[in-house]
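Colleague: To start, I am sharing the structure in question, which I have written as structure tokens.
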Amino acid sequence: MTENCCETTSATTMLLPCSGSSNVGQLANRAAVELTAEGFGKIFCFAGIGGRLSGFVQSAKDAESVIVINSCEIGRGTATLQAARVPLPHHRHMVVTECVGNRDCRRPGT
């Protein structure tokens with residue numbers, strides 16, 4: 001697990017799981033934790049962005065790459081970034097319920 005979920009650099013791939021309260025939400029969080037452990041990116045505090053805390057929002061805007069792992073097709077994670085006015089063009093979004101059983105969804109960015 002990351003030592004500090006709130007530190008990032010522009011060269012870091014920021015992983016933002018929309019964990020929700022369901023089983024697929026827990027899968028989104030688990031995926032982000034495992035990707036962080038594997039060194040693919042770094043899990044980051046999504047609540048800070050949702051709460052519009054300036055440092056968190058700025059970190060998301062400054063990140064070279066942001067991967068939102070939405071737990072379902074509703075896309076609350078993506079909507080949270082949009083509401084915080086984080087530009088989305090160079091960021092990726094995954095939906096856990098679309099990836100179950102789909103080998104192409106196993107690693108974002110591949």
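As shown in the structure tokens, the chain order sets the letters A, B, ...; within each chain, residues go from 1, and ligands are also counted from 1 in the order they appear.
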List the neighbours of Leu88 of chain A out to 12 Å using only C-alpha atoms; skip same-chain residues closer than 3 positions along the sequence, and give me the result as a PyMOL selection string.
Modeller: chain A and resi 60-68+77-85+91-93
Colleague: Between atom CA of Arg52 of chain A and atom CA of Phe40 of chain A, what is the spacing in Å?
Modeller: 25.9 Å
Colleague: Which residues are close to Ala32 of chain A, i.e. within 7 Å by only C-alpha atoms, leaving aside same-chain residues fewer than 2 positions away? Reply as a list in words.
Modeller: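 What passes the distance filter is Leu15, Pro17, Ala28, Asn29, Arg30, Glu34, Leu35, Thr36 and Ile43 of chain A.
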Colleague: Include N, CA and C atoms and write out the residues we just selected as a tab-separated table (two decimals), in the first residue's frame.
Modeller:
```tsv
chain	number	residue	atom	x	y	z
A	15	LEU	N	-4.08	6.48	-9.76
A	15	LEU	CA	-5.15	5.50	-9.81
A	15	LEU	C	-6.27	5.95	-8.87
A	17	PRO	N	-9.85	4.71	-7.70
A	17	PRO	CA	-10.95	3.75	-7.70
A	17	PRO	C	-12.22	4.37	-7.11
A	28	ALA	N	-13.05	-2.65	-7.53
A	28	ALA	CA	-12.35	-1.47	-8.07
A	28	ALA	C	-11.22	-1.06	-7.13
A	29	ASN	N	-11.51	-1.04	-5.85
A	29	ASN	CA	-10.49	-0.67	-4.87
A	29	ASN	C	-9.37	-1.70	-4.84
A	30	ARG	N	-9.73	-2.97	-4.88
A	30	ARG	CA	-8.70	-4.03	-4.87
A	30	ARG	C	-7.80	-3.93	-6.09
A	34	GLU	N	-3.78	-3.41	-5.92
A	34	GLU	CA	-2.85	-4.35	-6.55
A	34	GLU	C	-1.99	-3.67	-7.60
A	35	LEU	N	-2.57	-2.77	-8.39
A	35	LEU	CA	-1.79	-2.05	-9.39
A	35	LEU	C	-0.73	-1.17	-8.73
A	36	THR	N	-1.07	-0.60	-7.57
A	36	THR	CA	-0.10	0.20	-6.82
A	36	THR	C	1.04	-0.70	-6.33
A	43	ILE	N	-2.25	4.68	-5.99
A	43	ILE	CA	-3.61	4.96	-5.56
A	43	ILE	C	-3.62	6.35	-4.90
```
Colleague: Could you pull out all residues of segment 11-89 of chain A with a DSSP call of alpha helix (DSSP H) and give them as a VMD selection string?
Modeller: chain A and resid 23 to 37 46 to 50 54 to 62 76 to 83
Colleague: Only N, CA and C atoms, please: the residues just picked out, written as a compact mmCIF listing (two decimals), in the first residue's frame.
Modeller:
```txt
# COMPACT_ATOMS: atom_id res chain seq x y z
N ASN A 23 -20.12 -4.86 -3.98
CA ASN A 23 -19.05 -5.81 -4.23
C ASN A 23 -18.17 -5.36 -5.39
N VAL A 24 -18.74 -4.76 -6.44
CA VAL A 24 -17.91 -4.29 -7.55
C VAL A 24 -17.09 -3.07 -7.14
N GLY A 25 -17.60 -2.30 -6.20
CA GLY A 25 -16.82 -1.19 -5.65
C GLY A 25 -15.58 -1.70 -4.95
N GLN A 26 -15.73 -2.78 -4.23
CA GLN A 26 -14.59 -3.37 -3.56
C GLN A 26 -13.60 -3.96 -4.57
N LEU A 27 -14.10 -4.46 -5.69
CA LEU A 27 -13.21 -4.94 -6.74
C LEU A 27 -12.41 -3.80 -7.35
N ALA A 28 -13.05 -2.65 -7.53
CA ALA A 28 -12.35 -1.47 -8.07
C ALA A 28 -11.22 -1.06 -7.13
N ASN A 29 -11.51 -1.04 -5.85
CA ASN A 29 -10.49 -0.67 -4.87
C ASN A 29 -9.37 -1.70 -4.84
N ARG A 30 -9.73 -2.97 -4.88
CA ARG A 30 -8.70 -4.03 -4.87
C ARG A 30 -7.80 -3.93 -6.09
N ALA A 31 -8.39 -3.64 -7.24
CA ALA A 31 -7.58 -3.49 -8.46
C ALA A 31 -6.58 -2.35 -8.31
N ALA A 32 -7.02 -1.23 -7.75
CA ALA A 32 -6.11 -0.08 -7.56
C ALA A 32 -5.01 -0.41 -6.56
N VAL A 33 -5.35 -1.12 -5.50
CA VAL A 33 -4.34 -1.50 -4.50
C VAL A 33 -3.31 -2.43 -5.14
N GLU A 34 -3.78 -3.41 -5.92
CA GLU A 34 -2.85 -4.35 -6.55
C GLU A 34 -1.99 -3.67 -7.60
N LEU A 35 -2.57 -2.77 -8.39
CA LEU A 35 -1.79 -2.05 -9.39
C LEU A 35 -0.73 -1.17 -8.73
N THR A 36 -1.07 -0.60 -7.57
CA THR A 36 -0.10 0.20 -6.82
C THR A 36 1.04 -0.70 -6.33
N ALA A 37 0.69 -1.85 -5.79
CA ALA A 37 1.71 -2.78 -5.28
C ALA A 37 2.63 -3.26 -6.39
N PHE A 46 -9.50 9.79 -3.67
CA PHE A 46 -10.58 10.30 -4.51
C PHE A 46 -11.50 11.24 -3.72
N ALA A 47 -11.64 11.00 -2.43
CA ALA A 47 -12.51 11.85 -1.60
C ALA A 47 -12.00 13.29 -1.57
N GLY A 48 -10.70 13.47 -1.60
CA GLY A 48 -10.14 14.82 -1.61
C GLY A 48 -10.53 15.58 -2.87
N ILE A 49 -10.59 14.88 -3.99
CA ILE A 49 -11.02 15.50 -5.24
C ILE A 49 -12.51 15.79 -5.18
N GLY A 50 -13.28 14.81 -4.71
CA GLY A 50 -14.73 14.99 -4.59
C GLY A 50 -15.09 16.12 -3.64
N SER A 54 -8.33 21.89 -2.71
CA SER A 54 -7.52 22.46 -3.79
C SER A 54 -6.26 21.65 -4.11
N GLY A 55 -5.53 21.20 -3.11
CA GLY A 55 -4.32 20.43 -3.36
C GLY A 55 -4.58 19.12 -4.07
N PHE A 56 -5.66 18.46 -3.72
CA PHE A 56 -6.02 17.18 -4.35
C PHE A 56 -6.44 17.40 -5.80
N VAL A 57 -7.27 18.42 -6.02
CA VAL A 57 -7.73 18.72 -7.38
C VAL A 57 -6.53 19.10 -8.25
N GLN A 58 -5.64 19.92 -7.72
CA GLN A 58 -4.48 20.35 -8.49
C GLN A 58 -3.57 19.17 -8.82
N SER A 59 -3.41 18.25 -7.89
CA SER A 59 -2.60 17.06 -8.15
C SER A 59 -3.19 16.25 -9.30
N ALA A 60 -4.51 16.13 -9.34
CA ALA A 60 -5.16 15.40 -10.44
C ALA A 60 -4.97 16.13 -11.76
N LYS A 61 -5.05 17.45 -11.73
CA LYS A 61 -4.84 18.24 -12.95
C LYS A 61 -3.40 18.14 -13.44
N ASP A 62 -2.46 18.03 -12.51
CA ASP A 62 -1.04 18.00 -12.86
C ASP A 62 -0.53 16.62 -13.24
N ARG A 76 -19.66 7.32 -11.56
CA ARG A 76 -19.53 8.39 -10.56
C ARG A 76 -18.11 8.90 -10.44
N GLY A 77 -17.13 8.03 -10.63
CA GLY A 77 -15.74 8.47 -10.56
C GLY A 77 -15.42 9.47 -11.66
N THR A 78 -15.82 9.15 -12.86
CA THR A 78 -15.62 10.06 -13.98
C THR A 78 -16.36 11.37 -13.74
N ALA A 79 -17.58 11.29 -13.27
CA ALA A 79 -18.37 12.49 -12.98
C ALA A 79 -17.72 13.36 -11.91
N THR A 80 -17.07 12.72 -10.93
CA THR A 80 -16.38 13.46 -9.88
C THR A 80 -15.25 14.30 -10.47
N LEU A 81 -14.47 13.71 -11.38
CA LEU A 81 -13.41 14.48 -12.03
C LEU A 81 -13.98 15.63 -12.85
N GLN A 82 -15.04 15.37 -13.58
CA GLN A 82 -15.66 16.42 -14.38
C GLN A 82 -16.17 17.56 -13.51
N ALA A 83 -16.80 17.24 -12.39
CA ALA A 83 -17.32 18.26 -11.49
C ALA A 83 -16.21 19.08 -10.86
```
Colleague: Do you have the atom CA of Ile69 of chain A-atom CA of Glu38 of chain A distance handy?
Modeller: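 Atom CA of Ile69 of chain A sits 16.2 Å away from atom CA of Glu38 of chain A.
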Colleague: In terms of the shortest atom-to-atom distance over only C-alpha atoms, which of A:Ser21, A:Gly51, A:Phe44, A:Pro87 is closest to Ser71 of chain A?
Modeller: A:Ser21
